[in-house]
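Here is the file input.txt (compact mmCIF, C-alpha atoms).
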```
# COMPACT_ATOMS: atom_id res chain seq x y z
CA MET N 231 130.19 194.93 11.03
CA SER N 232 131.32 192.15 13.38
CA GLY N 233 130.16 188.71 14.40
CA SER N 234 128.08 188.16 17.53
CA PRO N 235 129.84 186.89 20.68
CA HIS N 236 128.54 183.40 19.93
CA GLY N 237 128.70 183.58 16.13
CA PRO N 238 131.42 183.44 13.51
CA THR N 239 134.37 185.79 13.52
CA GLY N 240 135.74 187.30 10.34
CA HIS N 241 138.62 188.87 8.46
CA ARG N 242 139.14 191.24 5.54
CA THR N 243 139.96 189.86 2.13
CA LYS N 244 142.10 191.68 -0.45
CA GLY N 245 138.97 193.17 -1.91
CA ASP N 246 137.99 194.47 1.54
CA LYS N 247 134.99 192.15 1.58
CA PHE N 248 134.01 190.88 5.02
CA VAL N 249 134.10 187.10 5.14
CA LYS N 250 132.81 185.14 8.12
CA ALA N 251 134.44 181.96 9.40
CA LEU N 252 132.01 179.32 10.60
CA ARG N 253 133.27 177.06 13.36
CA LEU N 254 132.11 173.46 13.38
CA LEU N 255 132.79 170.54 15.73
CA THR N 256 132.26 166.81 15.25
CA MET N 257 132.73 164.27 18.03
CA ASN N 258 131.83 160.69 18.87
CA THR N 259 130.72 160.98 22.51
CA LEU N 260 131.01 157.26 23.51
CA PHE N 261 127.77 155.63 24.65
CA THR N 262 129.26 153.52 27.49
CA GLY N 263 130.68 154.36 30.91
CA ASP N 264 129.71 157.37 33.03
CA VAL N 265 127.69 158.90 30.21
CA PRO N 266 125.61 161.56 32.09
CA ALA N 267 128.63 163.05 33.88
CA ARG N 268 130.66 163.20 30.66
CA LEU N 269 127.82 164.68 28.64
CA ARG N 270 127.21 167.37 31.25
CA ALA N 271 130.88 168.28 31.12
CA LEU N 272 130.83 168.28 27.33
CA GLY N 273 127.70 170.43 27.25
CA ALA N 274 129.25 172.95 29.63
CA ALA N 275 132.41 173.09 27.49
CA LEU N 276 130.32 173.61 24.36
CA ASP N 277 128.35 176.39 26.02
CA ARG N 278 131.64 178.22 26.73
CA SER N 279 132.98 177.59 23.22
CA ASP N 280 132.71 179.54 19.98
CA TYR N 281 131.50 176.62 17.85
CA ASP N 282 128.54 177.54 15.66
CA ILE N 283 127.49 174.00 14.74
CA VAL N 284 128.14 170.83 16.74
CA CYS N 285 127.64 167.31 15.35
CA LEU N 286 127.66 164.48 17.88
CA GLN N 287 127.56 160.71 17.44
CA GLU N 288 126.67 157.92 19.93
CA VAL N 289 124.35 160.13 21.99
CA MET N 290 121.97 157.18 21.71
CA PHE N 291 119.01 158.22 23.88
CA ARG N 292 116.62 161.16 23.83
CA ARG N 293 117.31 161.72 27.53
CA ASN N 294 121.01 162.17 26.73
CA ALA N 295 120.13 164.73 24.07
CA ARG N 296 118.01 166.63 26.59
CA LEU N 297 120.89 166.55 29.06
CA ILE N 298 123.26 168.13 26.54
CA ARG N 299 120.71 170.80 25.64
CA ARG N 300 120.27 171.76 29.29
CA ALA N 301 124.04 171.99 29.72
CA ALA N 302 124.51 174.04 26.53
CA PRO N 303 121.62 176.55 26.36
CA ALA N 304 123.58 178.81 23.97
CA TYR N 305 122.65 176.34 21.20
CA ARG N 306 119.05 177.29 20.61
CA HIS N 307 118.54 175.07 17.57
CA PHE N 308 118.60 171.31 17.61
CA ALA N 309 118.03 168.32 15.33
CA CYS N 310 117.72 164.60 16.08
CA SER N 311 115.26 161.83 15.31
CA GLY N 312 113.63 159.27 17.59
CA THR N 313 111.56 159.19 20.76
CA VAL N 314 113.48 156.97 23.20
CA LEU N 315 116.35 155.70 21.04
CA LEU N 316 117.87 158.30 18.74
CA GLN N 317 118.12 157.15 15.14
CA GLY N 318 121.79 156.71 14.35
CA GLY N 319 122.62 158.10 17.80
CA LEU N 320 123.07 161.44 16.00
CA VAL N 321 122.52 164.96 17.34
CA LEU N 322 123.13 168.35 15.73
CA LEU N 323 123.30 171.57 17.78
CA SER N 324 123.39 174.98 16.15
CA ARG N 325 123.55 178.63 17.12
CA TRP N 326 121.93 179.43 13.77
CA PRO N 327 118.39 178.37 12.74
CA ILE N 328 117.85 174.94 11.17
CA SER N 329 115.37 175.38 8.33
CA ARG N 330 114.82 171.64 7.70
CA TRP N 331 116.34 168.29 8.54
CA ARG N 332 115.82 164.58 8.06
CA PHE N 333 117.37 161.26 9.03
CA VAL N 334 118.13 158.63 6.38
CA ARG N 335 118.90 155.09 7.46
CA TYR N 336 121.65 153.05 5.84
CA PRO N 337 120.91 149.56 4.46
CA MET N 338 121.14 146.78 7.02
CA THR N 339 123.52 144.11 5.80
CA GLY N 340 125.31 141.24 7.58
CA PRO N 341 127.04 140.02 9.56
CA VAL N 342 124.43 140.35 12.31
CA ARG N 343 125.79 142.53 15.14
CA GLY N 344 124.60 144.57 18.12
CA GLU N 345 125.27 147.70 16.08
CA PHE N 346 121.94 147.12 14.32
CA LEU N 347 120.27 148.68 17.38
CA MET N 348 121.93 152.01 16.57
CA ARG N 349 120.15 152.19 13.20
CA LYS N 350 123.17 153.73 11.49
CA GLY N 351 122.45 156.49 9.01
CA ALA N 352 122.89 160.17 8.20
CA LEU N 353 121.27 163.26 9.69
CA LEU N 354 120.98 165.96 7.01
CA ALA N 355 120.25 169.52 8.14
CA SER N 356 120.04 172.83 6.33
CA VAL N 357 121.44 175.54 8.62
CA THR N 358 120.70 179.21 7.93
CA THR N 359 124.01 180.96 8.58
CA PRO N 360 124.65 184.69 8.06
CA ASP N 361 126.33 183.78 4.75
CA GLY N 362 123.39 181.66 3.57
CA GLU N 363 122.31 178.03 3.76
CA LEU N 364 124.83 175.32 4.63
CA VAL N 365 123.86 171.65 4.37
CA VAL N 366 125.45 169.68 7.20
CA VAL N 367 125.50 165.87 7.02
CA ASN N 368 126.24 164.28 10.40
CA THR N 369 126.91 160.55 10.07
CA HIS N 370 128.32 157.47 11.77
CA LEU N 371 129.22 154.46 9.62
CA SER N 372 129.43 150.87 10.83
CA ALA N 373 132.52 149.80 12.75
CA ASN N 374 135.08 147.44 11.26
CA ARG N 375 135.60 144.85 13.97
CA ASP N 376 138.54 143.35 12.09
CA ASP N 377 140.46 146.65 11.74
CA ASP N 378 141.05 145.53 8.16
CA TRP N 379 140.07 148.08 5.52
CA SER N 380 141.05 146.04 2.47
CA PRO N 381 138.30 145.77 -0.20
CA THR N 382 137.56 142.09 0.44
CA ASN N 383 137.05 142.44 4.20
CA ARG N 384 133.57 141.37 5.40
CA TYR N 385 132.94 144.68 7.17
CA MET N 386 134.12 146.73 4.22
CA ARG N 387 131.22 145.31 2.22
CA ILE N 388 128.90 146.87 4.81
CA ILE N 389 130.74 150.18 4.77
CA ASP N 390 130.78 150.23 0.97
CA ALA N 391 126.98 149.90 0.94
CA GLU N 392 126.66 152.73 3.44
CA LEU N 393 129.03 154.94 1.46
CA ALA N 394 127.03 154.23 -1.70
CA ARG N 395 123.86 155.42 0.06
CA LEU N 396 125.67 158.47 1.37
CA THR N 397 127.06 159.24 -2.09
CA GLY N 398 123.53 159.26 -3.47
CA LEU N 399 122.32 161.58 -0.71
CA ILE N 400 125.10 164.07 -1.41
CA ALA N 401 124.47 163.92 -5.17
CA ASP N 402 120.85 164.93 -4.50
CA ILE N 403 121.85 168.12 -2.63
CA ASP N 404 121.37 171.27 -4.67
CA PRO N 405 124.80 172.16 -6.13
CA SER N 406 124.11 175.84 -5.34
CA LEU N 407 124.47 174.97 -1.64
CA PRO N 408 127.73 174.29 0.22
CA VAL N 409 127.96 170.95 2.03
CA ALA N 410 129.86 169.71 5.08
CA VAL N 411 129.92 165.94 5.70
CA VAL N 412 131.23 165.18 9.17
CA GLY N 413 131.34 162.40 11.71
CA ASP N 414 132.83 159.06 12.64
CA LEU N 415 133.14 157.36 9.26
CA ASN N 416 135.06 154.41 10.75
CA ILE N 417 137.46 154.37 7.79
CA PRO N 418 141.04 155.70 7.83
CA ARG N 419 142.00 158.86 6.01
CA ASP N 420 144.40 156.97 3.74
CA SER N 421 142.00 154.12 2.91
CA ALA N 422 140.90 153.40 -0.64
CA ALA N 423 137.29 153.56 0.53
CA LEU N 424 137.57 157.15 1.75
CA THR N 425 139.65 158.22 -1.25
CA GLY N 426 137.05 156.79 -3.63
CA PHE N 427 134.16 158.33 -1.71
CA VAL N 428 135.75 161.79 -1.73
CA ALA N 429 136.42 161.54 -5.46
CA ALA N 430 132.89 160.34 -6.26
CA THR N 431 131.18 163.10 -4.29
CA GLY N 432 133.44 166.04 -5.10
CA LEU N 433 134.17 166.54 -1.42
CA ARG N 434 137.48 167.81 -0.02
CA ASP N 435 139.09 166.48 3.16
CA VAL N 436 139.86 169.50 5.34
CA LEU N 437 142.44 167.42 7.26
CA ALA N 438 144.04 165.85 4.18
CA GLY N 439 147.61 164.75 4.93
CA ASP N 440 147.15 164.82 8.71
CA THR N 441 148.39 161.50 10.10
CA ARG N 442 147.24 161.93 13.71
CA PRO N 443 144.70 159.44 15.08
CA THR N 444 141.26 160.67 16.06
CA TYR N 445 140.62 157.60 18.24
CA ARG N 446 142.40 157.70 21.59
CA PRO N 447 145.32 155.20 21.56
CA THR N 448 145.10 152.33 24.04
CA PRO N 449 147.44 149.45 24.96
CA ARG N 450 145.24 147.16 22.84
CA TRP N 451 145.23 149.63 19.94
CA PRO N 452 148.37 151.77 20.29
CA SER N 453 148.32 153.18 16.75
CA PRO N 454 144.73 153.76 15.64
CA PRO N 455 144.02 155.67 12.42
CA ALA N 456 142.04 158.85 11.82
CA LEU N 457 138.40 157.72 11.75
CA ASP N 458 136.63 161.05 12.27
CA HIS N 459 136.47 163.41 9.31
CA VAL N 460 135.38 166.81 8.03
CA LEU N 461 134.69 166.76 4.28
CA VAL N 462 133.38 169.80 2.41
CA ARG N 463 131.99 170.72 -0.99
CA ALA N 464 131.70 174.34 -2.09
CA ALA N 465 128.59 175.74 -3.72
CA ALA N 466 128.78 176.17 -7.47
CA GLY N 467 130.82 179.25 -8.33
CA GLU N 468 132.18 179.62 -4.79
CA THR N 469 135.06 178.39 -2.69
CA LEU N 470 134.84 176.79 0.74
CA ALA N 471 138.23 177.09 2.40
CA GLY N 472 139.26 176.38 5.95
CA ASP N 473 141.36 174.40 8.35
CA ALA N 474 140.83 171.85 11.10
CA ASP N 475 142.45 170.49 14.25
CA LEU N 476 141.89 167.98 17.05
CA VAL N 477 140.29 169.10 20.32
CA PHE N 478 139.14 167.57 23.62
CA GLN N 479 142.26 165.43 23.82
CA ASP N 480 142.92 165.94 27.53
CA GLU N 481 141.09 164.96 30.69
CA VAL N 482 138.46 167.34 32.03
CA THR N 483 137.00 167.85 35.50
CA LEU N 484 133.57 166.27 35.92
CA GLY N 485 130.86 167.72 38.15
CA ASP N 486 131.96 165.68 41.17
CA GLY N 487 135.61 166.70 40.80
CA ARG N 488 136.85 163.53 39.10
CA GLN N 489 139.18 163.74 36.11
CA ALA N 490 138.10 161.86 32.99
CA TYR N 491 138.34 161.90 29.21
CA LEU N 492 135.17 163.05 27.49
CA SER N 493 135.28 160.16 25.01
CA ASP N 494 137.39 157.44 23.44
CA HIS N 495 137.51 159.72 20.38
CA TYR N 496 138.97 163.20 20.05
CA GLY N 497 136.83 166.00 18.73
CA VAL N 498 137.59 167.53 15.34
CA ARG N 499 136.99 171.24 14.96
CA ALA N 500 136.93 172.98 11.61
CA ARG N 501 136.94 176.62 10.58
CA LEU N 502 135.17 177.07 7.25
CA ILE N 503 135.23 180.22 5.12
CA ARG N 504 132.78 180.62 2.25
CA THR N 505 133.68 183.14 -0.46
CA PRO N 506 132.15 183.93 -3.86
```

Let me see the structure of the file written as structure tokens.
Amino acid sequence: MSGSPHGPTGHRTKGDKFVKALRLLTMNTLFTGDVPARLRALGAALDRSDYDIVCLQEVMFRRNARLIRRAAPAYRHFACSGTVLLQGGLVLLSRWPISRWRFVRYPMTGPVRGEFLMRKGALLASVTTPDGELVVVNTHLSANRDDDWSPTNRYMRIIDAELARLTGLIADIDPSLPVAVVGDLNIPRDSAALTGFVAATGLRDVLAGDTRPTYRPTPRWPSPPALDHVLVRAAAGETLAGDADLVFQDEVTLGDGRQAYLSDHYGVRARLIRTP
């Protein structure tokens, strides 16, 4: 038995049991600039890729979601919420069927900011993979405009409230199901907020110990932290192993021949292996 050309690949374990590796991508697509050209290029790259599930943030508009779907027809299954504006700006693409999904909005707390229009929250989807159901939580937390992740920072109070809501959502997921929480969490890998969240939810950081930034360095921010994460929780009685790396770091060729970066963030790809 082997995986389909667009599905997971596999390897033999010591017990000669075939185990499939599911490939997942998360990426903040950047809602400003030449958005249609970049999204077309991203969609074409996804269509050529071997990712099984793709979680995108800052897609923002339903028309942008349609654009990506046209550019990536290999992803037959799709989840997002909203008619004109997408709730949370979140989109999930999948090669495997999505049995159910819902969007949950985070509490709106001050200070007042333009980010309120994005209606930050979490998109929860149950994806039917060949190895069974996988709950994928695609999320984008509020930005910290001070770049200060200490507990008393004004923006950290907002993020703490969002993490508390997210912790409750994860606690409500059936423990017999594996979970992947991915997205732009806007908190560094080494922050107390992320460490506490991972401990409270029983999640594991697939990129634990990796010090590379996931936001593209700029002259104004030459040493950004890792803000984009892949966190997993195995189903009861199982293991959920895997590895992850950064992708889409280099410029690509747009439809008109120009060279451009796909986003101000890098993508994070993960390879997840579920075993009993």

For N:Ala438, please output as a PyMOL selection string all residues within 9 Å (counting only C-alpha atoms; exclusion window: fewer than 4 positions along the same chain). chain N and resi 419-420+434

Give me, as an mmCIF file with C-alpha atoms, keeping the file's coordinate frame, all polymer residues having an atom no more than 12 Å from N:Ser421, counting only C-alpha atoms and skipping those fewer than 3 positions away in the same chain.
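Dumped to selection37.cif:
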```cif
data_model
loop_
_atom_site.group_PDB
_atom_site.id
_atom_site.type_symbol
_atom_site.label_atom_id
_atom_site.label_comp_id
_atom_site.auth_asym_id
_atom_site.auth_seq_id
_atom_site.Cartn_x
_atom_site.Cartn_y
_atom_site.Cartn_z
ATOM 1 C CA ASP N 377 140.460 146.650 11.740
ATOM 2 C CA ASP N 378 141.050 145.530 8.160
ATOM 3 C CA TRP N 379 140.070 148.080 5.520
ATOM 4 C CA SER N 380 141.050 146.040 2.470
ATOM 5 C CA PRO N 381 138.300 145.770 -0.200
ATOM 6 C CA MET N 386 134.120 146.730 4.220
ATOM 7 C CA LEU N 415 133.140 157.360 9.260
ATOM 8 C CA ASN N 416 135.060 154.410 10.750
ATOM 9 C CA ILE N 417 137.460 154.370 7.790
ATOM 10 C CA PRO N 418 141.040 155.700 7.830
ATOM 11 C CA LEU N 424 137.570 157.150 1.750
ATOM 12 C CA THR N 425 139.650 158.220 -1.250
ATOM 13 C CA GLY N 426 137.050 156.790 -3.630
ATOM 14 C CA PHE N 427 134.160 158.330 -1.710
ATOM 15 C CA VAL N 428 135.750 161.790 -1.730
ATOM 16 C CA ALA N 438 144.040 165.850 4.180
ATOM 17 C CA PRO N 455 144.020 155.670 12.420
ATOM 18 C CA ALA N 456 142.040 158.850 11.820
ATOM 19 C CA LEU N 457 138.400 157.720 11.750
#
```

Separation of atom CA of N:Ser372 and atom CA of N:Asn258, in Å? 12.9 Å

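With atom CA of N:Arg335 on one side and atom CA of N:Ile389 on the other, the separation reads 13.1 Å.
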
One decimal, Å: what's the distance from atom CA of N:Trp331 over to atom CA of N:Ala500, could you say?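 Calculated distance between atom CA of N:Trp331 and atom CA of N:Ala500 is 21.3 Å.
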
Can you list every residue of stretch 353-458 of chain N that has an atom at most 8 Å from stretch 469-482 of chain N, with its nearest atom pair and the distance in Å to one decimal, using all atoms listed in the file, ordered by chain then number, as CSV?
```
residue,atom,partner,partner_atom,distance
N:Pro408,CA,N:Leu470,CA,7.6
N:Val436,CA,N:Asp473,CA,5.9
N:Leu437,CA,N:Ala474,CA,6.1
N:Thr444,CA,N:Leu476,CA,7.4
```

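Among the candidates N:Thr359, N:Val367, N:His495, N:Gly487, the one nearest to N:Thr448 when counting all atoms listed in the file is N:His495.
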
For N:Pro337, which of N:Leu371, N:Val412, N:Val265, N:Ala301 is the closest residue, counting all atoms listed in the file? N:Leu371

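Among the candidates N:Gly398, N:Gly485, N:Gly351, N:Pro341, the one nearest to N:Asp264 when counting only C-alpha atoms is N:Gly485.
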
Pick from N:Leu255, N:Ala355, N:Ala275, N:Leu393: nearest to N:Cys310, with all atoms listed in the file counted?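 Checking each candidate against N:Cys310, we get N:Ala355 as the closest.
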
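With only C-alpha atoms as the atoms that count, the residue of N:Phe291, N:Tyr385, N:Trp326, N:Phe333 with the shortest distance to N:Leu269 is N:Phe291.
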
Would you list the residues near (135.3, 154.3, 26.0) (no more than 6 Å away, in the coordinates of the file, using only C-alpha atoms) as a compact mmCIF listing (two decimals) with C-alpha atoms, keeping the file's coordinate frame?
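Saved to out-v9.txt:
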```txt
# COMPACT_ATOMS: atom_id res chain seq x y z
CA LEU N 260 131.01 157.26 23.51
CA SER N 493 135.28 160.16 25.01
CA ASP N 494 137.39 157.44 23.44
```

For N:Pro443, the nearest of the candidates N:Ala429, N:Ala274, N:Val498, N:Ala267, counting only C-alpha atoms: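 Among the listed residues, the smallest separation from N:Pro443 belongs to N:Val498.
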
Surrounding residues of N:Pro327 excluding itself and chain neighbours under 5 positions, 7 Å, all atoms listed in the file, as number ranges by chain: N: 307, 357-358

Using only C-alpha atoms, list the residues that have an atom at most 8 Å from (123.9, 159.6, 19.5), coordinates as in the file, as JSON, numbers by chain. {"N": [259, 261, 286, 287, 288, 289, 290, 291, 295, 316, 317, 318, 319, 320, 321]}

Centre and edges of the stretch 490-502 of chain N box, axis-aligned, 3 Å extra per side, as AutoDock Vina command-line options:
```
--center_x 137.1 --center_y 167.3 --center_z 20.1 --size_x 9.8 --size_y 25.6 --size_z 31.7
```

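By only C-alpha atoms, and with residues fewer than 5 positions from N:Arg387 along its chain excluded, the set lying at most 9 Å from it is N:Thr339, N:Gly340, N:Pro381, N:Thr382, N:Glu392.
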
Quick one: stretch 317-340 of chain N with N, CA, C and O atoms, as a compact mmCIF listing (two decimals), in the coordinates of the input?
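Result file follows (part03.txt):
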```
# COMPACT_ATOMS: atom_id res chain seq x y z
N GLN N 317 117.72 157.82 16.37
CA GLN N 317 118.12 157.15 15.14
C GLN N 317 119.55 157.53 14.79
O GLN N 317 119.91 158.71 14.71
N GLY N 318 120.38 156.50 14.63
CA GLY N 318 121.79 156.71 14.35
C GLY N 318 122.59 157.22 15.53
O GLY N 318 123.81 157.37 15.41
N GLY N 319 121.94 157.51 16.66
CA GLY N 319 122.62 158.10 17.80
C GLY N 319 123.12 159.51 17.53
O GLY N 319 124.01 160.01 18.23
N LEU N 320 122.53 160.19 16.52
CA LEU N 320 123.07 161.44 16.00
C LEU N 320 122.32 162.65 16.54
O LEU N 320 121.08 162.66 16.62
N VAL N 321 123.08 163.70 16.86
CA VAL N 321 122.52 164.96 17.34
C VAL N 321 123.26 166.11 16.67
O VAL N 321 124.49 166.05 16.52
N LEU N 322 122.53 167.13 16.27
CA LEU N 322 123.13 168.35 15.73
C LEU N 322 122.65 169.54 16.55
O LEU N 322 121.44 169.73 16.73
N LEU N 323 123.58 170.33 17.06
CA LEU N 323 123.30 171.57 17.78
C LEU N 323 123.76 172.74 16.93
O LEU N 323 124.81 172.67 16.29
N SER N 324 123.01 173.83 16.96
CA SER N 324 123.39 174.98 16.15
C SER N 324 123.02 176.29 16.83
O SER N 324 121.97 176.39 17.48
N ARG N 325 123.88 177.28 16.68
CA ARG N 325 123.55 178.63 17.12
C ARG N 325 122.70 179.35 16.09
O ARG N 325 122.07 180.36 16.39
N TRP N 326 122.71 178.83 14.85
CA TRP N 326 121.93 179.43 13.77
C TRP N 326 120.70 178.56 13.51
O TRP N 326 120.71 177.35 13.77
N PRO N 327 119.62 179.14 12.97
CA PRO N 327 118.39 178.37 12.74
C PRO N 327 118.60 177.19 11.78
O PRO N 327 119.39 177.26 10.84
N ILE N 328 117.87 176.12 12.05
CA ILE N 328 117.85 174.94 11.17
C ILE N 328 116.53 174.98 10.41
O ILE N 328 115.45 174.84 11.01
N SER N 329 116.60 175.20 9.10
CA SER N 329 115.37 175.38 8.33
C SER N 329 114.66 174.05 8.07
O SER N 329 113.43 174.00 8.01
N ARG N 330 115.42 172.96 7.91
CA ARG N 330 114.82 171.64 7.70
C ARG N 330 115.89 170.58 7.96
O ARG N 330 117.07 170.85 7.85
N TRP N 331 115.42 169.38 8.29
CA TRP N 331 116.34 168.29 8.54
C TRP N 331 115.61 166.97 8.38
O TRP N 331 114.39 166.91 8.44
N ARG N 332 116.39 165.92 8.15
CA ARG N 332 115.82 164.58 8.06
C ARG N 332 116.91 163.55 8.36
O ARG N 332 118.10 163.81 8.17
N PHE N 333 116.46 162.39 8.80
CA PHE N 333 117.37 161.26 9.03
C PHE N 333 117.12 160.21 7.96
O PHE N 333 115.98 159.88 7.65
N VAL N 334 118.21 159.68 7.39
CA VAL N 334 118.13 158.63 6.38
C VAL N 334 118.92 157.42 6.89
O VAL N 334 120.11 157.54 7.23
N ARG N 335 118.27 156.30 6.94
CA ARG N 335 118.90 155.09 7.46
C ARG N 335 119.71 154.39 6.38
O ARG N 335 119.30 154.32 5.22
N TYR N 336 120.85 153.84 6.76
CA TYR N 336 121.65 153.05 5.84
C TYR N 336 121.08 151.64 5.71
O TYR N 336 120.38 151.15 6.60
N PRO N 337 121.39 150.94 4.61
CA PRO N 337 120.91 149.56 4.46
C PRO N 337 121.50 148.66 5.54
O PRO N 337 122.65 148.83 5.95
N MET N 338 120.69 147.73 6.00
CA MET N 338 121.14 146.78 7.02
C MET N 338 121.64 145.52 6.33
O MET N 338 120.86 144.80 5.71
N THR N 339 122.93 145.30 6.41
CA THR N 339 123.52 144.11 5.80
C THR N 339 124.35 143.37 6.85
O THR N 339 124.78 143.96 7.85
N GLY N 340 124.59 142.06 6.62
CA GLY N 340 125.31 141.24 7.58
C GLY N 340 126.79 141.56 7.62
O GLY N 340 127.28 142.35 6.81
```
